[in-house]
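Novice: Could you have a look at this structure, given as structure tokens, before my questions?
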Amino acid sequence: MKILLVDDEAELTEPLYHVLSHEGYNVDVADDGQKGYQLALQNTYDLLILDWMLPGKPGLSICRELRSRGKTTPVLFLTAKDTLDDRVMGLDAGADDYLVKPFELRELMARVRALLRRSPALENVATNPLKIGDLELEPDNQVAYRQSRIINLSDKEVKLLTYFMEHPQQLLTHEQIYQFLWEDSEKPSSNVLAALIRLLRRKIEEEGPLIHTVYGKGYRFGD
């Protein structure tokens with residue numbers, strides 16, 4: 001499998017390159033955002049590992065522009081930014097996962113393995129359209145409709161919305177949602193779930209609320 005690593009910190013990229021190569025991955029490295037963007041356009045990769053802050057072109061811009069071109073390669077951000085707003089911004093740009101600096105190499109490798117393989121949770125995602133009230137979801141097409149409005153969704157958003165729509169009006173705890181979306185080895189250690197919920201709400205709730213917070217416990221989905 002082929003990975004593109006884009007980071008301008010040589011003290012980070014060198015050990016990452018050696019570890020990833022030792023695990024059998026074919027790794028290209030770029031220390032400049034513009035160079036990394038061009039490599040991502042010209043080549044086919046199974047995973048992109050991007051630093052958020054890069055000379056030439058920020059990682060956020062790289063991710064956003066690749067998504068606008070229809071590139072669906074998984075993106076893992078390496079970043080010192082860990083606020084909820086930052087995570088929402090990254091998810092909105094099309095990122096699949098975050099790893100906050102500083103981090104341990106074994107945690108990065110767990111995230112890499114999780115993004116490179118087909119998650120078992122995908123087997124539980126419905127392939128037929130789901131409909132609740134005025135919201136309809138087509139998981140295979142990664143698109144939802146609400147009152148004829150088209151809503152494009154990321155992989156994680158499809159999984160999360162599917163889980164909600166398959167359990168209407170049920171209290172889904174934070175732990176249940178984490179178990180469905182992430183394996184134990186790749187569970188995010190910060191507020192990724194809150195950012196994902198916030199972004200999904202922004203996309204599907206223009207016509208009214210659907211995801212209801214049960215404070216201290218989890219969420220309930222429905223009109």
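Lettering and numbering for the structure tokens are positional, with chains as A, B, ... in the shown order, residues counted from 1 in each chain, and ligands counted from 1 in the shown order.
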Please give the complete set of residues from stretch 134-202 of chain A that DSSP, run on the backbone, assigns to alpha helix (DSSP H), formatted as a compact mmCIF listing (two decimals) with N, CA and C atoms, in the first residue's frame.

Specialist:
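To be explicit, this is the file written out as out-v3.txt:
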# COMPACT_ATOMS: atom_id res chain seq x y z
N ASP A 155 -17.59 9.50 4.73
CA ASP A 155 -17.76 8.12 5.18
C ASP A 155 -18.23 8.05 6.63
N LYS A 156 -17.54 8.78 7.51
CA LYS A 156 -17.88 8.74 8.93
C LYS A 156 -19.27 9.31 9.17
N GLU A 157 -19.64 10.36 8.43
CA GLU A 157 -20.98 10.94 8.59
C GLU A 157 -22.06 9.95 8.15
N VAL A 158 -21.79 9.20 7.08
CA VAL A 158 -22.74 8.19 6.62
C VAL A 158 -22.93 7.13 7.71
N LYS A 159 -21.82 6.67 8.27
CA LYS A 159 -21.91 5.65 9.32
C LYS A 159 -22.68 6.15 10.54
N LEU A 160 -22.36 7.37 10.95
CA LEU A 160 -23.03 7.94 12.12
C LEU A 160 -24.51 8.14 11.86
N LEU A 161 -24.86 8.71 10.71
CA LEU A 161 -26.27 8.96 10.41
C LEU A 161 -27.03 7.65 10.25
N THR A 162 -26.39 6.65 9.64
CA THR A 162 -27.02 5.34 9.52
C THR A 162 -27.34 4.77 10.90
N TYR A 163 -26.38 4.87 11.79
CA TYR A 163 -26.57 4.35 13.15
C TYR A 163 -27.74 5.05 13.84
N PHE A 164 -27.81 6.37 13.68
CA PHE A 164 -28.93 7.12 14.26
C PHE A 164 -30.26 6.68 13.65
N MET A 165 -30.30 6.58 12.32
CA MET A 165 -31.56 6.30 11.64
C MET A 165 -32.02 4.86 11.86
N GLU A 166 -31.10 3.97 12.18
CA GLU A 166 -31.48 2.58 12.48
C GLU A 166 -31.96 2.43 13.93
N HIS A 174 -22.57 7.79 24.44
CA HIS A 174 -21.30 8.12 23.81
C HIS A 174 -20.50 6.85 23.54
N GLU A 175 -20.48 5.94 24.51
CA GLU A 175 -19.70 4.72 24.37
C GLU A 175 -20.23 3.85 23.23
N GLN A 176 -21.56 3.75 23.10
CA GLN A 176 -22.13 2.95 22.01
C GLN A 176 -21.73 3.52 20.65
N ILE A 177 -21.77 4.83 20.53
CA ILE A 177 -21.41 5.46 19.26
C ILE A 177 -19.93 5.27 18.96
N TYR A 178 -19.09 5.46 19.98
CA TYR A 178 -17.66 5.23 19.81
C TYR A 178 -17.40 3.79 19.35
N GLN A 179 -18.07 2.83 19.97
CA GLN A 179 -17.86 1.43 19.62
C GLN A 179 -18.25 1.16 18.17
N PHE A 180 -19.28 1.83 17.70
CA PHE A 180 -19.73 1.62 16.32
C PHE A 180 -18.80 2.29 15.30
N LEU A 181 -18.35 3.49 15.61
CA LEU A 181 -17.57 4.27 14.63
C LEU A 181 -16.08 3.93 14.64
N VAL A 192 -13.33 14.35 18.95
CA VAL A 192 -13.68 14.12 17.55
C VAL A 192 -15.18 13.84 17.39
N LEU A 193 -15.76 13.07 18.31
CA LEU A 193 -17.18 12.76 18.19
C LEU A 193 -18.03 14.01 18.28
N ALA A 194 -17.72 14.89 19.22
CA ALA A 194 -18.47 16.13 19.35
C ALA A 194 -18.37 16.97 18.09
N ALA A 195 -17.18 16.98 17.47
CA ALA A 195 -17.00 17.73 16.23
C ALA A 195 -17.80 17.11 15.10
N LEU A 196 -17.82 15.77 15.05
CA LEU A 196 -18.57 15.07 14.00
C LEU A 196 -20.06 15.31 14.15
N ILE A 197 -20.57 15.27 15.38
CA ILE A 197 -21.99 15.55 15.64
C ILE A 197 -22.32 16.98 15.21
N ARG A 198 -21.47 17.90 15.58
CA ARG A 198 -21.70 19.31 15.24
C ARG A 198 -21.76 19.52 13.73
N LEU A 199 -20.84 18.88 13.01
CA LEU A 199 -20.81 19.02 11.56
C LEU A 199 -22.03 18.37 10.92
N LEU A 200 -22.42 17.18 11.41
CA LEU A 200 -23.60 16.51 10.86
C LEU A 200 -24.86 17.33 11.12
N ARG A 201 -24.96 17.91 12.29
CA ARG A 201 -26.10 18.78 12.58
C ARG A 201 -26.17 19.94 11.59
N ARG A 202 -25.01 20.52 11.34
CA ARG A 202 -24.97 21.66 10.42
C ARG A 202 -25.49 21.27 9.04

Novice: Near A:Leu4, counting only C-alpha atoms, which residues have an atom at most 12 Å away, once you skip same-chain residues fewer than 5 positions from it, shown as a ChimeraX atom specification?

Specialist: /A:13,16-17,20-21,25-31,33,35-51,73-77,112

Novice: Closest to A:Leu5 among A:Arg149, A:His18, A:Lys217, A:Lys71, using only C-alpha atoms?

Specialist: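 Ranking A:Arg149, A:His18, A:Lys217, A:Lys71 by distance to A:Leu5, first place goes to A:His18.
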
Novice: Can you measure atom CA of A:Leu60 to atom CA of A:Arg111 for me? One decimal in Å is fine.

Specialist: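 So the answer is 18.8 Å.
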
Novice: Do a neighbour search on A:Gly133 at 12 Å with only C-alpha atoms, toss out local chain neighbours closer than 3 positions, and write the hits as a list in words.

Specialist: Leu130, Glu136, Leu137, Tyr145, Arg146, Gln147, Met165, Pro168, Glu207, Gly208, Pro209, Leu210, Phe221, Gly222 and Asp223 of chain A

Novice: Under the rule that only C-alpha atoms are counted, which of A:Ala144, A:Ile211, A:Leu54, A:Ala95 is the nearest residue to A:Asp7?

Specialist: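 Checking each candidate against A:Asp7, we get A:Leu54 as the closest.
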
Novice: From the set A:Leu105, A:Val214, A:Ile150, A:Leu84, which residue has the shortest atom-to-atom contact distance to A:Gln169, counting only C-alpha atoms?

Specialist: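 For A:Gln169, the nearest of the given residues is A:Val214.
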
Novice: Give the strand (DSSP E or B) residues of stretch 101-218 of chain A, as DSSP finds them on the backbone, and put them as a ChimeraX atom specification.

Specialist: /A:130-132,135-138,143-146,149-152,171-173,211-214,218

Novice: Create the file for the chosen residues now, containing C-alpha atoms and written as an mmCIF file, in the first residue's frame.

Specialist:
data_model
loop_
_atom_site.group_PDB
_atom_site.id
_atom_site.type_symbol
_atom_site.label_atom_id
_atom_site.label_comp_id
_atom_site.auth_asym_id
_atom_site.auth_seq_id
_atom_site.Cartn_x
_atom_site.Cartn_y
_atom_site.Cartn_z
ATOM 1 C CA LEU A 130 -33.252 4.771 5.001
ATOM 2 C CA LYS A 131 -36.070 7.224 5.628
ATOM 3 C CA ILE A 132 -37.272 8.951 8.785
ATOM 4 C CA LEU A 135 -34.901 12.814 5.822
ATOM 5 C CA GLU A 136 -33.752 10.076 3.446
ATOM 6 C CA LEU A 137 -30.287 8.553 3.377
ATOM 7 C CA GLU A 138 -28.618 6.593 0.548
ATOM 8 C CA VAL A 143 -25.853 11.352 0.078
ATOM 9 C CA ALA A 144 -28.960 12.325 2.035
ATOM 10 C CA TYR A 145 -32.047 14.310 1.069
ATOM 11 C CA ARG A 146 -34.213 16.519 3.226
ATOM 12 C CA ARG A 149 -32.247 19.378 -0.534
ATOM 13 C CA ILE A 150 -29.187 17.275 -1.442
ATOM 14 C CA ILE A 151 -26.717 16.676 1.399
ATOM 15 C CA ASN A 152 -23.289 15.217 0.596
ATOM 16 C CA LEU A 171 -30.804 6.932 23.668
ATOM 17 C CA LEU A 172 -27.433 6.107 22.124
ATOM 18 C CA THR A 173 -24.656 6.599 24.640
ATOM 19 C CA ILE A 211 -30.089 15.052 16.790
ATOM 20 C CA HIS A 212 -30.981 15.753 20.412
ATOM 21 C CA THR A 213 -28.339 15.867 23.138
ATOM 22 C CA VAL A 214 -29.037 13.939 26.331
ATOM 23 C CA GLY A 218 -25.389 10.655 24.637
#

Novice: Need to verify the contact set: stretch 108-110 of chain A, 9 Å, only C-alpha atoms, exclusion of same-chain residues closer than 2 positions in sequence. Can you return it as a PyMOL selection string?

Specialist: chain A and resi 19-20+99+103-106+112-115+185-186

Novice: Once you have the residues from the selection above, write them out as a CSV table (one decimal), in the first residue's frame, restricted to C-alpha atoms.

Specialist:
chain,number,residue,atom,x,y,z
A,19,VAL,CA,8.6,3.0,10.7
A,20,LEU,CA,6.1,3.0,7.9
A,99,LEU,CA,-3.6,12.8,15.7
A,103,PHE,CA,1.9,11.4,19.8
A,104,GLU,CA,3.4,8.0,20.1
A,105,LEU,CA,4.4,6.1,17.0
A,106,ARG,CA,2.3,3.0,18.0
A,112,VAL,CA,-2.9,4.1,9.8
A,113,ARG,CA,-4.0,0.5,9.9
A,114,ALA,CA,-7.5,1.5,10.7
A,115,LEU,CA,-7.7,3.9,7.8
A,185,SER,CA,-7.3,0.5,18.9
A,186,GLU,CA,-8.1,3.7,17.0

Novice: If we count only C-alpha atoms, what is near A:Ser68 at a cut-off of 12 Å, once residues fewer than 5 positions away on the same chain are taken out, given as a list in words?

Specialist: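 The neighbour list is Leu41, Ser61, Ile62, Cys63, Asp92, Ala93, Gly94 and Asn152 of chain A.
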